[in-house]
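Asks: So here's final-v4.pdb, just PDB, C-alpha atoms and all ligand atoms:
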```pdb
ATOM      1  CA  MET A 176      77.228  33.775 -33.156  1.00  0.00           C
ATOM      2  CA  LYS A 177      76.796  35.775 -29.980  1.00  0.00           C
ATOM      3  CA  LEU A 178      74.957  39.031 -29.404  1.00  0.00           C
ATOM      4  CA  ASP A 179      75.973  41.395 -26.645  1.00  0.00           C
ATOM      5  CA  PHE A 180      72.614  42.992 -25.872  1.00  0.00           C
ATOM      6  CA  SER A 181      74.274  45.692 -23.792  1.00  0.00           C
ATOM      7  CA  GLN A 182      75.948  46.948 -26.990  1.00  0.00           C
ATOM      8  CA  LEU A 183      73.027  46.648 -29.411  1.00  0.00           C
ATOM      9  CA  PRO A 184      70.925  49.660 -30.411  1.00  0.00           C
ATOM     10  CA  PRO A 185      67.232  49.321 -29.334  1.00  0.00           C
ATOM     11  CA  ARG A 186      65.949  48.629 -32.854  1.00  0.00           C
ATOM     12  CA  GLU A 187      68.369  45.698 -33.217  1.00  0.00           C
ATOM     13  CA  VAL A 188      67.368  44.371 -29.781  1.00  0.00           C
ATOM     14  CA  TYR A 189      63.736  44.603 -30.916  1.00  0.00           C
ATOM     15  CA  ARG A 190      64.475  42.632 -34.108  1.00  0.00           C
ATOM     16  CA  TRP A 191      66.218  39.847 -32.205  1.00  0.00           C
ATOM     17  CA  LEU A 192      63.570  39.638 -29.498  1.00  0.00           C
ATOM     18  CA  VAL A 193      60.619  39.415 -31.906  1.00  0.00           C
ATOM     19  CA  GLY A 194      62.565  37.088 -34.208  1.00  0.00           C
ATOM     20  CA  THR A 195      63.431  34.578 -31.471  1.00  0.00           C
ATOM     21  CA  ILE A 196      60.771  34.646 -28.744  1.00  0.00           C
ATOM     22  CA  LEU A 197      57.932  33.150 -30.741  1.00  0.00           C
ATOM     23  CA  PRO A 198      55.173  32.421 -31.475  1.00  0.00           C
ATOM     24  CA  ARG A 199      53.635  35.248 -29.499  1.00  0.00           C
ATOM     25  CA  PRO A 200      49.910  35.584 -28.800  1.00  0.00           C
ATOM     26  CA  ILE A 201      48.298  38.840 -29.844  1.00  0.00           C
ATOM     27  CA  ALA A 202      46.328  41.141 -27.559  1.00  0.00           C
ATOM     28  CA  TRP A 203      43.958  43.223 -29.668  1.00  0.00           C
ATOM     29  CA  VAL A 204      43.398  46.049 -27.207  1.00  0.00           C
ATOM     30  CA  SER A 205      40.429  48.385 -27.155  1.00  0.00           C
ATOM     31  CA  THR A 206      40.585  51.612 -25.133  1.00  0.00           C
ATOM     32  CA  VAL A 207      38.790  54.973 -24.939  1.00  0.00           C
ATOM     33  CA  SER A 208      40.042  58.511 -24.379  1.00  0.00           C
ATOM     34  CA  ALA A 209      38.602  60.809 -21.703  1.00  0.00           C
ATOM     35  CA  GLU A 210      36.247  62.181 -24.405  1.00  0.00           C
ATOM     36  CA  GLY A 211      35.077  58.642 -25.133  1.00  0.00           C
ATOM     37  CA  ARG A 212      36.886  58.213 -28.460  1.00  0.00           C
ATOM     38  CA  ALA A 213      37.634  54.575 -29.231  1.00  0.00           C
ATOM     39  CA  ASN A 214      41.005  53.056 -30.155  1.00  0.00           C
ATOM     40  CA  LEU A 215      41.946  49.507 -31.173  1.00  0.00           C
ATOM     41  CA  ALA A 216      45.512  48.186 -31.670  1.00  0.00           C
ATOM     42  CA  PRO A 217      47.432  44.868 -31.574  1.00  0.00           C
ATOM     43  CA  PHE A 218      50.267  44.020 -29.155  1.00  0.00           C
ATOM     44  CA  SER A 219      52.277  40.787 -29.175  1.00  0.00           C
ATOM     45  CA  PHE A 220      54.378  41.493 -26.111  1.00  0.00           C
ATOM     46  CA  PHE A 221      51.434  39.926 -24.283  1.00  0.00           C
ATOM     47  CA  GLN A 222      50.766  37.201 -21.731  1.00  0.00           C
ATOM     48  CA  GLY A 223      48.437  36.027 -19.012  1.00  0.00           C
ATOM     49  CA  VAL A 224      50.485  36.384 -15.825  1.00  0.00           C
ATOM     50  CA  SER A 225      48.390  35.422 -12.806  1.00  0.00           C
ATOM     51  CA  SER A 226      45.357  33.300 -11.890  1.00  0.00           C
ATOM     52  CA  ASN A 227      45.107  34.654  -8.333  1.00  0.00           C
ATOM     53  CA  PRO A 228      44.328  37.461  -8.917  1.00  0.00           C
ATOM     54  CA  PRO A 229      43.326  37.015 -12.606  1.00  0.00           C
ATOM     55  CA  MET A 230      45.750  39.235 -14.508  1.00  0.00           C
ATOM     56  CA  LEU A 231      47.379  39.767 -17.863  1.00  0.00           C
ATOM     57  CA  MET A 232      49.988  42.120 -19.244  1.00  0.00           C
ATOM     58  CA  PHE A 233      50.875  43.699 -22.569  1.00  0.00           C
ATOM     59  CA  VAL A 234      53.443  46.284 -23.616  1.00  0.00           C
ATOM     60  CA  PRO A 235      52.741  49.428 -25.631  1.00  0.00           C
ATOM     61  CA  ALA A 236      56.320  50.525 -26.286  1.00  0.00           C
ATOM     62  CA  ASN A 237      57.190  54.153 -26.954  1.00  0.00           C
ATOM     63  CA  THR A 238      57.309  55.032 -30.653  1.00  0.00           C
ATOM     64  CA  ARG A 239      60.596  55.500 -32.527  1.00  0.00           C
ATOM     65  CA  ASP A 240      60.282  59.189 -31.624  1.00  0.00           C
ATOM     66  CA  GLY A 241      59.889  58.378 -27.949  1.00  0.00           C
ATOM     67  CA  ALA A 242      56.161  59.282 -27.866  1.00  0.00           C
ATOM     68  CA  LYS A 243      53.398  57.357 -26.094  1.00  0.00           C
ATOM     69  CA  LYS A 244      51.148  55.229 -28.288  1.00  0.00           C
ATOM     70  CA  ASP A 245      47.430  56.086 -28.324  1.00  0.00           C
ATOM     71  CA  THR A 246      46.576  52.940 -26.342  1.00  0.00           C
ATOM     72  CA  LEU A 247      48.794  54.054 -23.447  1.00  0.00           C
ATOM     73  CA  ARG A 248      47.549  57.648 -23.577  1.00  0.00           C
ATOM     74  CA  ASN A 249      43.978  56.372 -23.327  1.00  0.00           C
ATOM     75  CA  ILE A 250      44.692  53.967 -20.460  1.00  0.00           C
ATOM     76  CA  GLU A 251      46.316  56.823 -18.546  1.00  0.00           C
ATOM     77  CA  GLN A 252      43.074  58.810 -19.017  1.00  0.00           C
ATOM     78  CA  VAL A 253      40.560  55.968 -18.607  1.00  0.00           C
ATOM     79  CA  PRO A 254      42.208  53.064 -16.752  1.00  0.00           C
ATOM     80  CA  GLU A 255      40.183  50.303 -18.392  1.00  0.00           C
ATOM     81  CA  PHE A 256      40.628  48.173 -21.523  1.00  0.00           C
ATOM     82  CA  VAL A 257      39.399  45.090 -23.356  1.00  0.00           C
ATOM     83  CA  VAL A 258      41.886  42.488 -24.634  1.00  0.00           C
ATOM     84  CA  ASN A 259      40.402  40.620 -27.602  1.00  0.00           C
ATOM     85  CA  LEU A 260      42.014  37.447 -28.953  1.00  0.00           C
ATOM     86  CA  VAL A 261      42.640  37.115 -32.683  1.00  0.00           C
ATOM     87  CA  PRO A 262      41.545  34.123 -34.788  1.00  0.00           C
ATOM     88  CA  PHE A 263      42.790  33.533 -38.334  1.00  0.00           C
ATOM     89  CA  ALA A 264      39.521  34.929 -39.715  1.00  0.00           C
ATOM     90  CA  LEU A 265      40.290  38.354 -38.193  1.00  0.00           C
ATOM     91  CA  ALA A 266      44.029  38.477 -39.057  1.00  0.00           C
ATOM     92  CA  GLU A 267      43.720  41.101 -41.792  1.00  0.00           C
ATOM     93  CA  GLN A 268      41.455  43.353 -39.771  1.00  0.00           C
ATOM     94  CA  MET A 269      43.816  43.066 -36.795  1.00  0.00           C
ATOM     95  CA  ASN A 270      46.777  43.985 -38.999  1.00  0.00           C
ATOM     96  CA  ALA A 271      44.924  47.005 -40.410  1.00  0.00           C
ATOM     97  CA  THR A 272      44.521  48.413 -36.903  1.00  0.00           C
ATOM     98  CA  ALA A 273      48.309  48.611 -36.458  1.00  0.00           C
ATOM     99  CA  ALA A 274      48.207  51.645 -38.797  1.00  0.00           C
ATOM    100  CA  LEU A 275      49.234  54.970 -37.360  1.00  0.00           C
ATOM    101  CA  LEU A 276      46.012  57.015 -37.254  1.00  0.00           C
ATOM    102  CA  PRO A 277      45.676  60.531 -35.840  1.00  0.00           C
ATOM    103  CA  TYR A 278      44.977  60.467 -32.099  1.00  0.00           C
ATOM    104  CA  GLY A 279      41.231  60.210 -31.503  1.00  0.00           C
ATOM    105  CA  GLU A 280      40.370  58.497 -34.811  1.00  0.00           C
ATOM    106  CA  SER A 281      38.675  55.147 -34.175  1.00  0.00           C
ATOM    107  CA  GLU A 282      40.095  52.038 -35.863  1.00  0.00           C
ATOM    108  CA  PHE A 283      36.649  50.421 -35.360  1.00  0.00           C
ATOM    109  CA  GLU A 284      35.113  53.073 -37.628  1.00  0.00           C
ATOM    110  CA  ARG A 285      38.017  53.479 -40.031  1.00  0.00           C
ATOM    111  CA  PHE A 286      38.300  49.747 -40.808  1.00  0.00           C
ATOM    112  CA  GLY A 287      34.637  48.755 -40.395  1.00  0.00           C
ATOM    113  CA  ILE A 288      35.225  46.488 -37.396  1.00  0.00           C
ATOM    114  CA  ALA A 289      32.001  45.662 -35.566  1.00  0.00           C
ATOM    115  CA  SER A 290      32.058  46.422 -31.849  1.00  0.00           C
ATOM    116  CA  ALA A 291      29.868  45.249 -28.990  1.00  0.00           C
ATOM    117  CA  PRO A 292      29.493  46.961 -25.632  1.00  0.00           C
ATOM    118  CA  ALA A 293      31.478  45.665 -22.679  1.00  0.00           C
ATOM    119  CA  GLU A 294      29.620  45.169 -19.406  1.00  0.00           C
ATOM    120  CA  ARG A 295      31.999  46.398 -16.729  1.00  0.00           C
ATOM    121  CA  VAL A 296      34.364  48.748 -18.568  1.00  0.00           C
ATOM    122  CA  ARG A 297      33.867  51.662 -20.941  1.00  0.00           C
ATOM    123  CA  PRO A 298      35.868  50.495 -24.018  1.00  0.00           C
ATOM    124  CA  ALA A 299      33.939  48.295 -26.461  1.00  0.00           C
ATOM    125  CA  ARG A 300      34.955  44.757 -27.398  1.00  0.00           C
ATOM    126  CA  VAL A 301      35.471  43.352 -30.887  1.00  0.00           C
ATOM    127  CA  ALA A 302      32.123  41.660 -31.636  1.00  0.00           C
ATOM    128  CA  ALA A 303      33.631  38.826 -33.711  1.00  0.00           C
ATOM    129  CA  ALA A 304      36.488  37.972 -31.315  1.00  0.00           C
ATOM    130  CA  PRO A 305      36.050  34.472 -29.831  1.00  0.00           C
ATOM    131  CA  VAL A 306      37.365  35.660 -26.449  1.00  0.00           C
ATOM    132  CA  SER A 307      37.445  39.161 -24.935  1.00  0.00           C
ATOM    133  CA  PHE A 308      38.773  40.024 -21.486  1.00  0.00           C
ATOM    134  CA  GLU A 309      37.356  43.105 -19.754  1.00  0.00           C
ATOM    135  CA  CYS A 310      40.139  44.573 -17.604  1.00  0.00           C
ATOM    136  CA  THR A 311      40.833  47.421 -15.238  1.00  0.00           C
ATOM    137  CA  LEU A 312      44.323  48.844 -14.971  1.00  0.00           C
ATOM    138  CA  HIS A 313      46.380  47.374 -12.127  1.00  0.00           C
ATOM    139  CA  SER A 314      49.666  49.192 -12.771  1.00  0.00           C
ATOM    140  CA  ILE A 315      52.079  50.417 -15.406  1.00  0.00           C
ATOM    141  CA  THR A 316      55.738  49.512 -15.010  1.00  0.00           C
ATOM    142  CA  ARG A 317      58.024  51.703 -17.098  1.00  0.00           C
ATOM    143  CA  LEU A 318      61.266  50.136 -18.305  1.00  0.00           C
ATOM    144  CA  GLY A 319      63.761  52.576 -19.765  1.00  0.00           C
ATOM    145  CA  GLU A 320      62.944  55.868 -21.438  1.00  0.00           C
ATOM    146  CA  GLY A 321      62.930  57.338 -24.922  1.00  0.00           C
ATOM    147  CA  PRO A 322      62.403  55.461 -28.220  1.00  0.00           C
ATOM    148  CA  LEU A 323      61.105  51.869 -27.851  1.00  0.00           C
ATOM    149  CA  ALA A 324      61.133  52.040 -24.042  1.00  0.00           C
ATOM    150  CA  ALA A 325      58.541  49.724 -22.528  1.00  0.00           C
ATOM    151  CA  ASN A 326      55.362  50.550 -20.634  1.00  0.00           C
ATOM    152  CA  VAL A 327      54.294  47.233 -19.156  1.00  0.00           C
ATOM    153  CA  VAL A 328      50.551  47.439 -18.581  1.00  0.00           C
ATOM    154  CA  PHE A 329      49.169  45.002 -16.005  1.00  0.00           C
ATOM    155  CA  GLY A 330      45.411  44.517 -16.109  1.00  0.00           C
ATOM    156  CA  ARG A 331      43.066  42.810 -13.702  1.00  0.00           C
ATOM    157  CA  ILE A 332      40.570  40.653 -15.600  1.00  0.00           C
ATOM    158  CA  LEU A 333      36.997  41.307 -14.443  1.00  0.00           C
ATOM    159  CA  LEU A 334      34.979  39.419 -17.025  1.00  0.00           C
ATOM    160  CA  ALA A 335      35.650  37.217 -20.058  1.00  0.00           C
ATOM    161  CA  HIS A 336      33.306  36.876 -23.016  1.00  0.00           C
ATOM    162  CA  VAL A 337      33.782  33.458 -24.640  1.00  0.00           C
ATOM    163  CA  SER A 338      31.860  32.539 -27.738  1.00  0.00           C
ATOM    164  CA  ASP A 339      29.916  29.271 -27.267  1.00  0.00           C
ATOM    165  CA  GLY A 340      31.131  28.090 -30.679  1.00  0.00           C
ATOM    166  CA  VAL A 341      34.741  27.645 -29.477  1.00  0.00           C
ATOM    167  CA  LEU A 342      33.935  25.276 -26.592  1.00  0.00           C
ATOM    168  CA  ASP A 343      34.523  21.516 -26.540  1.00  0.00           C
ATOM    169  CA  PRO A 344      31.843  19.116 -25.245  1.00  0.00           C
ATOM    170  CA  GLY A 345      33.295  19.507 -21.724  1.00  0.00           C
ATOM    171  CA  GLY A 346      32.760  23.278 -21.832  1.00  0.00           C
ATOM    172  CA  LEU A 347      36.448  24.196 -22.165  1.00  0.00           C
ATOM    173  CA  PRO A 348      38.018  26.129 -25.046  1.00  0.00           C
ATOM    174  CA  ASP A 349      38.903  23.923 -28.016  1.00  0.00           C
ATOM    175  CA  PRO A 350      42.139  25.212 -29.635  1.00  0.00           C
ATOM    176  CA  ALA A 351      40.995  24.000 -33.061  1.00  0.00           C
ATOM    177  CA  LYS A 352      37.769  25.969 -32.810  1.00  0.00           C
ATOM    178  CA  LEU A 353      39.559  29.032 -31.423  1.00  0.00           C
ATOM    179  CA  ASP A 354      41.918  28.975 -34.449  1.00  0.00           C
ATOM    180  CA  LEU A 355      44.062  31.737 -32.922  1.00  0.00           C
ATOM    181  CA  ILE A 356      47.090  33.160 -34.682  1.00  0.00           C
ATOM    182  CA  GLY A 357      50.537  33.895 -33.261  1.00  0.00           C
ATOM    183  CA  ARG A 358      53.096  36.400 -34.365  1.00  0.00           C
ATOM    184  CA  LEU A 359      56.536  35.291 -35.526  1.00  0.00           C
ATOM    185  CA  GLY A 360      59.309  37.702 -36.575  1.00  0.00           C
ATOM    186  CA  GLY A 361      58.800  40.466 -39.142  1.00  0.00           C
ATOM    187  CA  GLU A 362      55.488  40.144 -40.982  1.00  0.00           C
ATOM    188  CA  THR A 363      55.080  36.396 -40.478  1.00  0.00           C
ATOM    189  CA  TYR A 364      52.335  34.708 -38.462  1.00  0.00           C
ATOM    190  CA  THR A 365      51.471  31.159 -37.496  1.00  0.00           C
ATOM    191  CA  ARG A 366      48.179  29.320 -37.066  1.00  0.00           C
ATOM    192  CA  THR A 367      47.459  26.893 -34.229  1.00  0.00           C
ATOM    193  CA  THR A 368      46.619  24.080 -36.644  1.00  0.00           C
ATOM    194  CA  ASP A 369      49.604  21.774 -35.927  1.00  0.00           C
ATOM    195  CA  ARG A 370      49.159  20.466 -32.390  1.00  0.00           C
ATOM    196  CA  PHE A 371      50.395  17.564 -30.267  1.00  0.00           C
ATOM    197  CA  ASP A 372      49.767  16.298 -26.734  1.00  0.00           C
ATOM    198  CA  LEU A 373      52.304  15.432 -24.013  1.00  0.00           C
ATOM    199  CA  LYS A 374      51.384  13.650 -20.810  1.00  0.00           C
ATOM    200  CA  ARG A 375      52.783  15.508 -17.779  1.00  0.00           C
ATOM    201  CA  PRO A 376      55.130  13.350 -15.693  1.00  0.00           C
ATOM    202  CA  ASP A 377      53.451  14.363 -12.437  1.00  0.00           C
ATOM    203  CA  ARG A 378      49.868  13.530 -13.470  1.00  0.00           C
TER     204      ARG A 378
HETATM  205  C1  LIG B 401      50.764  41.650 -34.670  1.00  0.00           C
HETATM  206  C2  LIG B 401      51.297  42.942 -34.136  1.00  0.00           C
HETATM  207  C3  LIG B 401      51.852  42.985 -32.868  1.00  0.00           C
HETATM  208  C4  LIG B 401      52.335  44.187 -32.337  1.00  0.00           C
HETATM  209  N1  LIG B 401      52.862  44.184 -31.073  1.00  0.00           N
HETATM  210  C5  LIG B 401      53.254  45.345 -30.513  1.00  0.00           C
HETATM  211  C6  LIG B 401      53.729  45.363 -29.173  1.00  0.00           C
HETATM  212  O1  LIG B 401      53.795  44.352 -28.448  1.00  0.00           O
HETATM  213  N2  LIG B 401      54.094  46.574 -28.652  1.00  0.00           N
HETATM  214  C7  LIG B 401      53.992  47.719 -29.380  1.00  0.00           C
HETATM  215  O2  LIG B 401      54.318  48.789 -28.845  1.00  0.00           O
HETATM  216  N3  LIG B 401      53.559  47.726 -30.652  1.00  0.00           N
HETATM  217  C8  LIG B 401      53.168  46.571 -31.218  1.00  0.00           C
HETATM  218  N4  LIG B 401      52.677  46.568 -32.505  1.00  0.00           N
HETATM  219  C9  LIG B 401      52.545  47.848 -33.218  1.00  0.00           C
HETATM  220  C10 LIG B 401      51.294  48.611 -32.763  1.00  0.00           C
HETATM  221  O3  LIG B 401      50.129  47.844 -33.007  1.00  0.00           O
HETATM  222  C11 LIG B 401      51.206  49.937 -33.533  1.00  0.00           C
HETATM  223  O4  LIG B 401      52.269  50.775 -33.129  1.00  0.00           O
HETATM  224  C12 LIG B 401      49.888  50.662 -33.356  1.00  0.00           C
HETATM  225  O5  LIG B 401      49.830  51.749 -34.246  1.00  0.00           O
HETATM  226  C13 LIG B 401      49.716  51.201 -31.959  1.00  0.00           C
HETATM  227  O6  LIG B 401      48.435  51.773 -31.941  1.00  0.00           O
HETATM  228  P1  LIG B 401      48.014  52.961 -30.991  1.00  0.00           P
HETATM  229  O7  LIG B 401      48.961  54.114 -31.232  1.00  0.00           O
HETATM  230  O8  LIG B 401      46.615  53.216 -31.470  1.00  0.00           O
HETATM  231  O9  LIG B 401      48.064  52.478 -29.575  1.00  0.00           O
HETATM  232  C14 LIG B 401      52.245  45.375 -33.092  1.00  0.00           C
HETATM  233  C15 LIG B 401      51.700  45.336 -34.383  1.00  0.00           C
HETATM  234  C16 LIG B 401      51.231  44.129 -34.899  1.00  0.00           C
HETATM  235  C17 LIG B 401      50.644  44.099 -36.277  1.00  0.00           C
END
```
Would you write the structure of this file as structure tokens?
Replies:
Amino acid sequence: MKLDFSQLPPREVYRWLVGTILPRPIAWVSTVSAEGRANLAPFSFFQGVSSNPPMLMFVPANTRDGAKKDTLRNIEQVPEFVVNLVPFALAEQMNATAALLPYGESEFERFGIASAPAERVRPARVAAAPVSFECTLHSITRLGEGPLAANVVFGRILLAHVSDGVLDPGGLPDPAKLDLIGRLGGETYTRTTDRFDLKRPDR
């Protein structure tokens, strides 16, 4: 089978992208509006993209009606955010925060998710997340327009909070202790419980 992406409607493109490019890590992104109202939502079009400078990106797409998601509206008002990583233990709470709430209603409050203050940015972090990255906005690259068009948000990482309980004896993150989840297609997720090592040829 072949798919001509230039002929596919955006919703079909979306289905094929999320059903093939996987597993995807999940950025659980906390933002605030100009009035200081908190928002929390998950995004799996997400990656770390640079070590020098330290940067990551995630993509709040436009809604099916072509509107901006609350996360993007907030970042345009207050150009700061916290990207929290999602372990298996927080999967259900993360999923709850994908609900469409009225603009300005906090998912932290609505779903009883404990927050902790960030140090260098205004949005709070998720207290139980094993890793949280405090970021300032670097840039937004807009791809396309209308329904499902992408707003690629690049953030500069200022500070990471890493829970001591996820470190190995050498002080580095232990993937087993992190127990992060990844998103597959549709409503399916994976756990990072099945791992293997490969020696790099150049080391
Ligand atoms: C695991 C998961 C990953 C998601 N990834 C994305 C994504 O990469 N981009 C996106 O626009 N929406 C994504 N969504 C949907 C948003 O989380 C959802 O539209 C949410 O309501 C947006 O919240 P906001 O309007 O408060 O910003 C994802 C949902 C889930 C559950």
Asks: Starting from the displayed file, determine the output of the PyMOL selection byres (((not hetatm)) within 7 of (chain B and resi 401)) and express the residue list as a PyMOL selection string.
Replies: chain A and resi 201+214-221+233-237+244-247+269-270+272-276+358
Asks: Quick one: write out the picked residues with C-alpha atoms as a PDB file, in the frame of the given file?
Replies:
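Done, and the output landed in part.pdb:
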```pdb
ATOM      1  CA  ILE A 201      48.298  38.840 -29.844  1.00  0.00           C
ATOM      2  CA  ASN A 214      41.005  53.056 -30.155  1.00  0.00           C
ATOM      3  CA  LEU A 215      41.946  49.507 -31.173  1.00  0.00           C
ATOM      4  CA  ALA A 216      45.512  48.186 -31.670  1.00  0.00           C
ATOM      5  CA  PRO A 217      47.432  44.868 -31.574  1.00  0.00           C
ATOM      6  CA  PHE A 218      50.267  44.020 -29.155  1.00  0.00           C
ATOM      7  CA  SER A 219      52.277  40.787 -29.175  1.00  0.00           C
ATOM      8  CA  PHE A 220      54.378  41.493 -26.111  1.00  0.00           C
ATOM      9  CA  PHE A 221      51.434  39.926 -24.283  1.00  0.00           C
ATOM     10  CA  PHE A 233      50.875  43.699 -22.569  1.00  0.00           C
ATOM     11  CA  VAL A 234      53.443  46.284 -23.616  1.00  0.00           C
ATOM     12  CA  PRO A 235      52.741  49.428 -25.631  1.00  0.00           C
ATOM     13  CA  ALA A 236      56.320  50.525 -26.286  1.00  0.00           C
ATOM     14  CA  ASN A 237      57.190  54.153 -26.954  1.00  0.00           C
ATOM     15  CA  LYS A 244      51.148  55.229 -28.288  1.00  0.00           C
ATOM     16  CA  ASP A 245      47.430  56.086 -28.324  1.00  0.00           C
ATOM     17  CA  THR A 246      46.576  52.940 -26.342  1.00  0.00           C
ATOM     18  CA  LEU A 247      48.794  54.054 -23.447  1.00  0.00           C
ATOM     19  CA  MET A 269      43.816  43.066 -36.795  1.00  0.00           C
ATOM     20  CA  ASN A 270      46.777  43.985 -38.999  1.00  0.00           C
ATOM     21  CA  THR A 272      44.521  48.413 -36.903  1.00  0.00           C
ATOM     22  CA  ALA A 273      48.309  48.611 -36.458  1.00  0.00           C
ATOM     23  CA  ALA A 274      48.207  51.645 -38.797  1.00  0.00           C
ATOM     24  CA  LEU A 275      49.234  54.970 -37.360  1.00  0.00           C
ATOM     25  CA  LEU A 276      46.012  57.015 -37.254  1.00  0.00           C
ATOM     26  CA  ARG A 358      53.096  36.400 -34.365  1.00  0.00           C
TER      27      ARG A 358
END
```
Asks: Please write as an MDAnalysis selection string the full residue list that the PyMOL selection byres (((chain A and resi 364-370) around 10) and not hetatm) yields on this file.
Replies: chainID A and resid 197:200 262:263 266 350:363 371:372
Asks: Just C-alpha atoms for this one: save the residues we selected as a tab-separated table (two decimals), keeping the file's coordinate frame.
Replies:
```tsv
chain	number	residue	atom	x	y	z
A	197	LEU	CA	57.93	33.15	-30.74
A	198	PRO	CA	55.17	32.42	-31.48
A	199	ARG	CA	53.64	35.25	-29.50
A	200	PRO	CA	49.91	35.58	-28.80
A	262	PRO	CA	41.54	34.12	-34.79
A	263	PHE	CA	42.79	33.53	-38.33
A	266	ALA	CA	44.03	38.48	-39.06
A	350	PRO	CA	42.14	25.21	-29.64
A	351	ALA	CA	41.00	24.00	-33.06
A	352	LYS	CA	37.77	25.97	-32.81
A	353	LEU	CA	39.56	29.03	-31.42
A	354	ASP	CA	41.92	28.98	-34.45
A	355	LEU	CA	44.06	31.74	-32.92
A	356	ILE	CA	47.09	33.16	-34.68
A	357	GLY	CA	50.54	33.90	-33.26
A	358	ARG	CA	53.10	36.40	-34.36
A	359	LEU	CA	56.54	35.29	-35.53
A	360	GLY	CA	59.31	37.70	-36.58
A	361	GLY	CA	58.80	40.47	-39.14
A	362	GLU	CA	55.49	40.14	-40.98
A	363	THR	CA	55.08	36.40	-40.48
A	371	PHE	CA	50.40	17.56	-30.27
A	372	ASP	CA	49.77	16.30	-26.73
```
Asks: Just to confirm, what's the straight-line distance from CA of Leu333 (chain A) to CA of Ala302 (chain A) in Å (one decimal)?
Replies: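 Spanning CA of Leu333 (chain A) to CA of Ala302 (chain A) is a straight-line distance of 17.9 Å.
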Asks: Using the chain letters and numbers from the file, give me the residues hit by the PyMOL selection byres (((chain A and resi 251-254) around 10) and not hetatm), as a list in words.
Replies: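 Those residues are Thr206, Val207, Ser208, Ala209, Glu210, Gly211, Asp245, Thr246, Leu247, Arg248, Asn249, Ile250, Glu255, Phe256, Val296, Arg297, Pro298, Cys310, Thr311, Leu312, His313, Ser314, Ile315 and Gly330 of chain A.
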Asks: Let me make sure I understand: among A:Val258, A:Leu373, A:Ala213, A:Leu342, which one has the smallest atom-to-atom distance to Glu280 (chain A) if we use all atoms listed in the file?
Replies: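 Result for the nearest residue to Glu280 (chain A): A:Ala213.
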Asks: Can you measure CA of Arg239 (chain A) to CA of Leu323 (chain A) for me? One decimal in Å is fine.
Replies: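 Interatomic distance here is 5.9 Å.
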Asks: Taking all atoms listed in the file into account, name the residue in A:Ala335, A:Val328, A:Val341, A:Ala293 that is nearest to Leu231 (chain A).
Replies: A:Val328
Asks: Point out the residue among A:Arg212, A:Arg317, A:His336, A:Arg285 with the least atom-to-atom distance to Arg300 (chain A), counting all atoms listed in the file.
Replies: A:His336
Asks: Which residue, A:Ser338, A:Ser281, A:Ser290, A:Thr238, has the smallest gap to Arg186 (chain A) when you use only C-alpha atoms?
Replies: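 The answer is A:Thr238, which sits nearest to Arg186 (chain A).
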Asks: Could you check how far CA of Ala289 (chain A) sits from CA of Gly340 (chain A), in Å to one decimal?
Replies: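 Interatomic distance, CA of Ala289 (chain A) to CA of Gly340 (chain A): 18.3 Å.
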Asks: Given the choices A:Ile332, A:Ala303, A:Leu347, A:Val337, which gets closest to Met230 (chain A) if the distance is worked out from only C-alpha atoms?
Replies: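 Counting only C-alpha atoms, the residue closest to Met230 (chain A) is A:Ile332.
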Asks: Between A:Tyr189, A:Ser205, A:Ala242, A:Ser226, which is the closest to Ala291 (chain A) once you count only C-alpha atoms?
Replies: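 Once distances to Ala291 (chain A) are computed over only C-alpha atoms, the minimum belongs to A:Ser205.
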Asks: Enclose all atoms of region 335-351 of chain A listed in the file in an axis-aligned box, grow every side by 6 Å, and hand back centre and edge lengths in Å to one decimal, as lines of an AutoDock Vina configuration file.
Replies:
```
center_x = 36.0
center_y = 28.2
center_z = -26.6
size_x = 24.2
size_y = 30.1
size_z = 25.0
```
